[in-house]
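What's in query-v3.csv: CSV, C-alpha atoms
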chain,number,residue,atom,x,y,z
A,1433,MET,CA,0.0,0.0,0.0
A,1434,LYS,CA,2.9,2.3,0.8
A,1435,PHE,CA,4.4,1.6,-2.6
A,1436,LEU,CA,1.0,2.3,-4.3
A,1437,GLY,CA,0.7,5.6,-2.4
A,1438,ILE,CA,4.1,6.7,-3.7
A,1439,VAL,CA,3.2,5.8,-7.3
A,1440,LEU,CA,-0.1,7.8,-7.0
A,1441,LEU,CA,1.8,10.7,-5.5
A,1442,LEU,CA,4.3,10.7,-8.4
A,1443,ILE,CA,1.4,10.6,-10.9
A,1444,CYS,CA,-0.3,13.5,-9.2
A,1445,VAL,CA,2.9,15.6,-9.2
A,1446,SER,CA,3.5,14.8,-12.9
A,1447,TRP,CA,-0.1,15.9,-13.7
A,1448,PHE,CA,0.2,19.1,-11.7
A,1449,ASP,CA,3.4,20.0,-13.5
A,1450,CYS,CA,1.7,19.5,-16.8
A,1451,GLU,CA,-1.3,21.6,-15.8
A,1452,LEU,CA,1.0,24.5,-14.9
A,1453,GLY,CA,2.8,24.1,-18.2
A,1454,ARG,CA,6.1,23.4,-16.5
A,1455,THR,CA,8.9,22.0,-18.6
A,1456,ASP,CA,12.5,20.9,-18.2
A,1457,ASP,CA,14.3,23.9,-19.5
A,1458,SER,CA,17.3,21.7,-20.4
A,1459,GLN,CA,15.2,20.0,-23.1
A,1460,PRO,CA,13.5,21.5,-26.1
A,1461,SER,CA,9.8,22.1,-25.4
A,1462,GLN,CA,7.5,21.3,-28.3
A,1463,THR,CA,4.2,22.8,-27.2
A,1464,PHE,CA,3.8,26.5,-26.7
A,1465,SER,CA,2.1,27.1,-23.3
A,1466,GLY,CA,-0.6,29.7,-23.4
A,1467,LYS,CA,-1.2,29.1,-19.7
A,1468,ARG,CA,2.4,30.0,-18.8
A,1469,ALA,CA,2.3,33.0,-21.2
A,1470,TYR,CA,-0.8,34.2,-19.4
A,1471,GLU,CA,0.9,33.8,-16.0
A,1472,TYR,CA,3.8,35.9,-17.3
A,1473,LEU,CA,1.2,38.5,-18.4
A,1474,ARG,CA,-0.3,38.5,-14.9
A,1475,GLN,CA,3.2,39.1,-13.4
A,1476,ILE,CA,3.8,42.0,-15.8
A,1477,CYS,CA,0.5,43.7,-15.0
A,1478,ALA,CA,1.2,43.3,-11.3
A,1479,LEU,CA,4.0,45.8,-11.6
A,1480,GLY,CA,1.4,48.5,-12.5
A,1481,ASN,CA,1.8,51.1,-15.2
A,1482,ARG,CA,5.2,50.6,-16.9
A,1483,MET,CA,5.7,53.9,-18.7
A,1484,SER,CA,9.2,54.7,-19.9
A,1485,GLY,CA,11.5,55.8,-17.1
A,1486,SER,CA,9.2,54.7,-14.3
A,1487,PRO,CA,10.1,52.6,-11.3
A,1488,ALA,CA,7.8,49.9,-12.6
A,1489,MET,CA,9.6,49.9,-15.9
A,1490,LYS,CA,12.9,49.4,-14.1
A,1491,LYS,CA,11.4,46.4,-12.2
A,1492,GLN,CA,10.1,45.0,-15.5
A,1493,GLN,CA,13.6,45.4,-17.0
A,1494,GLU,CA,15.2,43.5,-14.1
A,1495,MET,CA,12.6,40.7,-14.4
A,1496,LEU,CA,12.9,40.3,-18.1
A,1497,GLY,CA,16.7,40.5,-18.2
A,1498,GLN,CA,16.9,37.7,-15.6
A,1499,HIS,CA,14.2,35.6,-17.3
A,1500,PHE,CA,15.9,35.6,-20.8
A,1501,ALA,CA,19.4,35.1,-19.4
A,1502,GLU,CA,18.3,32.1,-17.3
A,1503,LEU,CA,16.8,30.5,-20.5
A,1504,GLY,CA,20.1,30.9,-22.4
A,1505,GLY,CA,19.6,34.1,-24.3
A,1506,GLN,CA,22.4,36.6,-24.7
A,1507,VAL,CA,21.0,39.8,-23.1
A,1508,THR,CA,22.1,43.3,-24.0
A,1509,TRP,CA,20.6,46.7,-23.4
A,1510,GLN,CA,20.5,49.5,-26.0
A,1511,ARG,CA,20.4,52.6,-23.8
A,1512,PHE,CA,19.5,56.1,-24.9
A,1513,THR,CA,17.5,59.1,-23.7
A,1514,ALA,CA,14.6,61.2,-24.9
A,1515,LYS,CA,12.9,64.4,-23.6
A,1516,HIS,CA,9.8,63.9,-21.5
A,1517,PRO,CA,6.9,65.3,-23.5
A,1518,GLN,CA,5.6,67.4,-20.6
A,1519,THR,CA,8.6,68.4,-18.6
A,1520,GLY,CA,11.4,68.4,-21.1
A,1521,GLN,CA,13.6,66.5,-18.7
A,1522,PRO,CA,15.7,63.5,-20.0
A,1523,VAL,CA,14.1,60.1,-19.7
A,1524,PRO,CA,16.4,57.1,-19.5
A,1525,LEU,CA,15.3,54.5,-22.1
A,1526,ALA,CA,16.4,51.0,-23.0
A,1527,ASN,CA,15.6,48.5,-25.7
A,1528,LEU,CA,16.1,45.0,-24.5
A,1529,ILE,CA,17.9,42.7,-27.1
A,1530,VAL,CA,18.1,39.0,-26.6
A,1531,GLN,CA,20.2,37.0,-29.1
A,1532,TRP,CA,20.0,33.3,-29.8
A,1533,TYR,CA,22.7,31.7,-32.1
A,1534,PRO,CA,24.6,35.0,-32.1
A,1535,ASP,CA,27.2,33.9,-34.6
A,1536,SER,CA,24.6,33.4,-37.4
A,1537,LYS,CA,24.8,36.1,-40.1
A,1538,GLU,CA,21.3,35.7,-41.4
A,1539,ARG,CA,18.8,36.5,-38.6
A,1540,ILE,CA,15.1,36.7,-37.8
A,1541,LEU,CA,13.7,39.4,-35.6
A,1542,LEU,CA,10.8,38.9,-33.2
A,1543,CYS,CA,9.8,42.1,-31.5
A,1544,ALA,CA,7.2,43.9,-29.4
A,1545,HIS,CA,7.1,47.1,-27.2
A,1546,TYR,CA,7.2,46.7,-23.5
A,1547,ASP,CA,6.3,50.1,-22.3
A,1548,THR,CA,2.8,51.4,-21.5
A,1549,ARG,CA,1.2,54.6,-22.3
A,1550,PRO,CA,1.3,57.1,-19.3
A,1551,LEU,CA,-2.4,57.5,-19.0
A,1552,PRO,CA,-5.6,55.8,-20.3
A,1553,SER,CA,-6.3,58.6,-22.8
A,1554,GLN,CA,-9.2,57.0,-24.5
A,1555,ASP,CA,-11.2,56.2,-21.4
A,1556,VAL,CA,-14.8,57.3,-21.4
A,1557,ASP,CA,-14.4,58.9,-18.0
A,1558,PRO,CA,-12.7,62.3,-18.2
A,1559,ARG,CA,-11.2,61.9,-14.7
A,1560,GLN,CA,-9.7,58.5,-15.6
A,1561,ARG,CA,-8.1,60.1,-18.7
A,1562,ARG,CA,-6.3,62.5,-16.5
A,1563,GLU,CA,-5.6,60.4,-13.4
A,1564,GLY,CA,-6.4,56.7,-14.1
A,1565,VAL,CA,-3.9,53.8,-14.2
A,1566,PHE,CA,-3.3,52.3,-17.6
A,1567,LEU,CA,-2.1,48.7,-17.1
A,1568,GLY,CA,-1.6,47.9,-20.8
A,1569,ALA,CA,-2.2,44.2,-20.5
A,1570,ASN,CA,-3.0,43.7,-24.2
A,1571,ASP,CA,-1.2,46.9,-25.4
A,1572,GLY,CA,2.4,46.2,-24.3
A,1573,GLY,CA,2.0,43.2,-22.1
A,1574,SER,CA,0.7,40.6,-24.5
A,1575,GLY,CA,3.6,40.7,-27.0
A,1576,THR,CA,6.1,40.7,-24.1
A,1577,ALA,CA,4.4,37.7,-22.5
A,1578,VAL,CA,4.5,35.7,-25.8
A,1579,LEU,CA,8.2,36.4,-26.2
A,1580,MET,CA,8.8,35.3,-22.5
A,1581,GLU,CA,7.1,32.0,-23.3
A,1582,MET,CA,8.8,31.7,-26.7
A,1583,ALA,CA,12.2,31.7,-24.9
A,1584,HIS,CA,11.4,28.2,-23.6
A,1585,HIS,CA,11.2,26.9,-27.1
A,1586,VAL,CA,14.2,28.3,-28.9
A,1587,LYS,CA,16.1,25.0,-28.5
A,1588,SER,CA,13.4,23.3,-30.6
A,1589,ILE,CA,13.8,25.8,-33.5
A,1590,PRO,CA,16.3,24.8,-36.2
A,1591,ASP,CA,19.5,27.0,-36.2
A,1592,ARG,CA,19.3,27.8,-39.9
A,1593,TYR,CA,18.9,31.4,-38.8
A,1594,GLY,CA,20.0,33.4,-35.9
A,1595,LEU,CA,17.1,34.7,-33.8
A,1596,ASP,CA,16.8,38.0,-31.9
A,1597,PHE,CA,14.1,39.1,-29.6
A,1598,VAL,CA,13.8,42.9,-29.2
A,1599,LEU,CA,11.6,44.7,-26.7
A,1600,PHE,CA,11.2,48.4,-27.6
A,1601,ASP,CA,11.0,51.1,-25.0
A,1602,ALA,CA,9.0,54.4,-25.5
A,1603,GLU,CA,6.7,53.1,-28.2
A,1604,GLU,CA,4.1,55.3,-26.7
A,1605,LEU,CA,5.6,57.8,-24.3
A,1606,VAL,CA,2.7,60.0,-25.4
A,1607,TYR,CA,0.4,62.3,-23.6
A,1608,SER,CA,-0.9,64.1,-26.7
A,1609,ASP,CA,-1.5,62.3,-30.0
A,1610,ARG,CA,-1.2,65.7,-31.8
A,1611,THR,CA,2.2,66.7,-30.5
A,1612,ASP,CA,4.1,63.8,-29.0
A,1613,PRO,CA,6.1,61.3,-31.1
A,1614,TYR,CA,5.5,57.6,-31.1
A,1615,PHE,CA,8.0,54.8,-31.7
A,1616,LEU,CA,11.1,56.2,-30.1
A,1617,GLY,CA,12.6,52.8,-29.3
A,1618,SER,CA,12.1,51.2,-32.6
A,1619,GLU,CA,13.3,54.3,-34.5
A,1620,TYR,CA,16.5,54.4,-32.4
A,1621,PHE,CA,17.0,50.7,-33.0
A,1622,ALA,CA,16.4,51.1,-36.8
A,1623,ARG,CA,18.9,54.0,-37.1
A,1624,GLN,CA,21.6,52.1,-35.2
A,1625,TYR,CA,21.1,49.1,-37.3
A,1626,ARG,CA,21.3,51.1,-40.5
A,1627,LYS,CA,24.5,53.0,-39.6
A,1628,GLN,CA,26.5,50.4,-37.7
A,1629,ASN,CA,29.3,48.4,-39.4
A,1630,ARG,CA,27.7,44.9,-39.0
A,1631,ASP,CA,28.3,41.5,-40.4
A,1632,TYR,CA,24.8,40.2,-40.1
A,1633,GLU,CA,21.4,40.9,-41.8
A,1634,TYR,CA,17.8,40.6,-40.7
A,1635,VAL,CA,16.1,38.5,-43.4
A,1636,ALA,CA,12.6,38.6,-41.8
A,1637,GLY,CA,10.9,40.0,-38.8
A,1638,VAL,CA,7.6,39.9,-36.9
A,1639,LEU,CA,6.2,42.6,-34.7
A,1640,LEU,CA,3.7,41.3,-32.0
A,1641,ASP,CA,1.3,43.9,-30.7
A,1642,MET,CA,-2.0,43.5,-28.9
A,1643,VAL,CA,-2.2,39.7,-29.4
A,1644,GLY,CA,-3.9,38.6,-26.2
A,1645,ASP,CA,-7.5,39.7,-26.4
A,1646,ALA,CA,-9.9,37.0,-25.4
A,1647,ARG,CA,-11.9,37.6,-28.6
A,1648,LEU,CA,-9.0,37.4,-30.9
A,1649,SER,CA,-9.3,38.4,-34.5
A,1650,ILE,CA,-6.0,39.0,-36.4
A,1651,TYR,CA,-6.4,40.4,-39.9
A,1652,GLN,CA,-3.5,41.1,-42.2
A,1653,GLU,CA,-2.1,44.7,-41.8
A,1654,GLN,CA,-2.2,46.7,-45.0
A,1655,ASN,CA,1.5,48.0,-45.0
A,1656,SER,CA,2.7,44.5,-44.3
A,1657,VAL,CA,0.8,43.1,-47.3
A,1658,ALA,CA,1.7,46.1,-49.6
A,1659,TRP,CA,5.5,45.9,-49.1
A,1660,ASP,CA,7.2,43.5,-51.5
A,1661,ASP,CA,9.7,42.2,-48.9
A,1662,THR,CA,7.1,41.6,-46.1
A,1663,ARG,CA,4.3,40.1,-48.2
A,1664,PRO,CA,5.9,36.6,-48.2
A,1665,ILE,CA,6.2,36.8,-44.4
A,1666,VAL,CA,2.5,37.6,-44.1
A,1667,GLN,CA,1.7,34.8,-46.5
A,1668,GLY,CA,3.9,32.3,-44.6
A,1669,ILE,CA,2.4,33.1,-41.2
A,1670,TRP,CA,-1.2,33.0,-42.3
A,1671,GLU,CA,-0.7,29.8,-44.2
A,1672,THR,CA,0.9,28.3,-41.1
A,1673,ALA,CA,-2.2,29.4,-39.1
A,1674,ALA,CA,-4.5,27.8,-41.6
A,1675,ARG,CA,-2.5,24.6,-41.5
A,1676,LEU,CA,-2.7,24.5,-37.8
A,1677,GLY,CA,-6.4,25.3,-37.8
A,1678,VAL,CA,-6.0,28.7,-36.0
A,1679,ASN,CA,-8.9,30.5,-37.6
A,1680,GLU,CA,-8.3,33.7,-35.6
A,1681,PHE,CA,-5.7,34.6,-38.2
A,1682,ILE,CA,-8.1,35.9,-40.9
A,1683,PRO,CA,-6.5,35.9,-44.4
A,1684,ARG,CA,-7.5,39.3,-45.6
A,1685,VAL,CA,-6.4,42.9,-45.1
A,1686,GLY,CA,-8.3,44.4,-42.1
A,1687,TYR,CA,-6.6,47.7,-41.2
A,1688,LEU,CA,-3.8,50.1,-41.9
A,1689,VAL,CA,-1.8,50.6,-38.7
A,1690,ARG,CA,1.0,53.0,-37.6
A,1691,ASP,CA,3.2,50.8,-35.4
A,1692,ASP,CA,6.8,49.9,-34.7
A,1693,HIS,CA,7.2,48.1,-38.0
A,1694,LEU,CA,7.2,51.4,-39.9
A,1695,PRO,CA,10.5,52.8,-38.6
A,1696,LEU,CA,12.0,49.3,-38.7
A,1697,HIS,CA,11.1,48.9,-42.4
A,1698,ASN,CA,11.4,52.5,-43.6
A,1699,ILE,CA,14.5,53.6,-41.7
A,1700,GLY,CA,16.3,50.3,-41.0
A,1701,GLY,CA,15.3,48.5,-44.2
A,1702,ILE,CA,14.2,45.5,-42.1
A,1703,PRO,CA,11.4,43.4,-43.6
A,1704,VAL,CA,9.0,43.3,-40.6
A,1705,CYS,CA,5.3,42.5,-40.7
A,1706,ASP,CA,2.9,43.5,-38.0
A,1707,VAL,CA,0.8,40.8,-36.3
A,1708,ILE,CA,-1.8,42.8,-34.5
A,1709,ASP,CA,-5.5,42.6,-33.3
A,1710,PHE,CA,-6.1,46.3,-33.6
A,1711,GLU,CA,-9.8,46.5,-32.9
A,1712,TYR,CA,-10.4,44.6,-29.7
A,1713,PRO,CA,-12.8,43.2,-28.8
A,1714,ASP,CA,-14.6,44.8,-31.7
A,1715,ARG,CA,-14.9,48.1,-33.6
A,1716,THR,CA,-17.7,49.5,-31.4
A,1717,ASN,CA,-16.7,48.3,-27.9
A,1718,ARG,CA,-12.9,48.9,-27.8
A,1719,TYR,CA,-10.9,49.0,-24.6
A,1720,TRP,CA,-7.8,50.3,-26.4
A,1721,HIS,CA,-6.0,52.9,-24.2
A,1722,THR,CA,-8.5,52.7,-21.4
A,1723,THR,CA,-8.5,51.5,-17.8
A,1724,SER,CA,-10.2,48.3,-19.0
A,1725,ASP,CA,-7.0,47.0,-20.7
A,1726,THR,CA,-6.4,44.5,-17.9
A,1727,HIS,CA,-5.2,40.9,-17.9
A,1728,ASN,CA,-8.7,39.5,-17.4
A,1729,ARG,CA,-9.6,40.9,-20.8
A,1730,CYS,CA,-6.9,38.6,-22.3
A,1731,SER,CA,-6.8,34.8,-22.4
A,1732,ALA,CA,-4.3,32.0,-22.3
A,1733,ASP,CA,-6.0,30.6,-25.3
A,1734,SER,CA,-5.3,33.7,-27.4
A,1735,LEU,CA,-1.7,34.0,-26.3
A,1736,GLY,CA,-1.2,30.3,-26.9
A,1737,LYS,CA,-2.7,30.4,-30.5
A,1738,VAL,CA,-0.5,33.3,-31.5
A,1739,GLY,CA,2.6,31.7,-30.0
A,1740,LYS,CA,1.8,28.4,-31.6
A,1741,VAL,CA,1.6,29.9,-35.0
A,1742,ILE,CA,4.8,32.0,-34.8
A,1743,LEU,CA,6.7,29.1,-33.3
A,1744,GLU,CA,5.7,26.7,-36.1
A,1745,TRP,CA,6.5,29.4,-38.7
A,1746,LEU,CA,9.9,29.7,-37.2
A,1747,ARG,CA,10.4,26.0,-37.2
A,1748,SER,CA,9.5,25.8,-40.9
A,1749,ALA,CA,11.5,28.9,-42.0
A,1750,GLU,CA,13.6,28.1,-45.2
Can I see the file as structure tokens?
Amino acid sequence: MKFLGIVLLLICVSWFDCELGRTDDSQPSQTFSGKRAYEYLRQICALGNRMSGSPAMKKQQEMLGQHFAELGGQVTWQRFTAKHPQTGQPVPLANLIVQWYPDSKERILLCAHYDTRPLPSQDVDPRQRREGVFLGANDGGSGTAVLMEMAHHVKSIPDRYGLDFVLFDAEELVYSDRTDPYFLGSEYFARQYRKQNRDYEYVAGVLLDMVGDARLSIYQEQNSVAWDDTRPIVQGIWETAARLGVNEFIPRVGYLVRDDHLPLHNIGGIPVCDVIDFEYPDRTNRYWHTTSDTHNRCSADSLGKVGKVILEWLRSAE
């Protein structure tokens, strides 16, 4: 009976580990865990608003740097400054770069922004627009969480290409859409990439933005389809989604979006397509840039489906 009890205990422990999405990090993991990505999202949101230069952003940077390093990524920081839109004082900024297979000359870029807008500027409540807390679970947190989970799976991706994760700071250090510039982090990254004396080239890239909404609908972004060098990337990702039966990737153009892929492509010459659910949960009931952008509006299922598609696309890259 004692032996039977030990066996049952071991079975229960094994089941519990599977339910939590735990894996042996020394072995390649085959299945992208939406549950674990969602837990990462919860941890990110627990830090509060993560606007550029804030104490919460610093805590996030420490957490992410440690996370990627422990999973074998080569972590570096691309540090720069920008003027605060309201005070004019310098704000310390940092793009987080994680390299895998750093010696490879042909590389793929997976990226997202990890800062949050200072205030919920689109909230229906005027007081919240001035004083509310914007957590940015979907807008900022979701792409970051997908990359955190993706790091568990890099060993299962063929090393035909090098792979870089980049998290951009100051995508929306914005108080006024009329006067304050977007995309400071990706623009800085693109300019540095263009001017530096380098021996590698990005052959493809994917920007992940707002990919966690529980009612996920990812249409193709118009710029990404129109550009000759990114159209094949779009086709490959959406064909991968169709093959996997992930119907939330809808194979037609849905919107034209200003996002980090613009400076990456137009300044850096990097072929990056935008994977984004811009109108969440739908066109008439959006929680974009409001206090309602919280983790409970997102889902493990959505994060898992996006991660599954991108992971399989990476595994099949030729």
Find the residues around range 1575-1587 of chain A up to 9 Å (only C-alpha atoms counted), leave out those fewer than 6 positions away in its own chain, and share them as an MDAnalysis selection string. chainID A and resid 1455 1457:1466 1468:1474 1476 1496 1499:1500 1503:1505 1532 1542:1546 1595 1597 1599 1639:1644 1735:1736 1738:1739 1743
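Residue nearest Ser1536 in chain A, chosen from A:Glu1563, A:Asp1661, A:Asp1591, A:Asp1612 and counting all atoms listed in the file: A:Asp1591.
Neighbours of Gly1700 in chain A closer than or equal to 10 Å, with only C-alpha atoms counted and sequence neighbours fewer than 5 positions away skipped, come out as Ser1618, Glu1619, Tyr1620, Phe1621, Ala1622, Arg1623, Gln1624, Tyr1625, Arg1626, Lys1627, Tyr1634, His1693, Leu1694 and Pro1695 of chain A.
Each of A:Met1483, A:Leu1541, A:Ile1682, A:Ala1749 was checked against Gly1573 in chain A using only C-alpha atoms; the smallest atom-to-atom distance is that of A:Met1483.
Among A:Glu1494, A:Glu1744, A:Asp1535, A:Asp1547, the residue with the shortest atom-to-atom distance to Trp1670 in chain A, counting only C-alpha atoms, is A:Glu1744.
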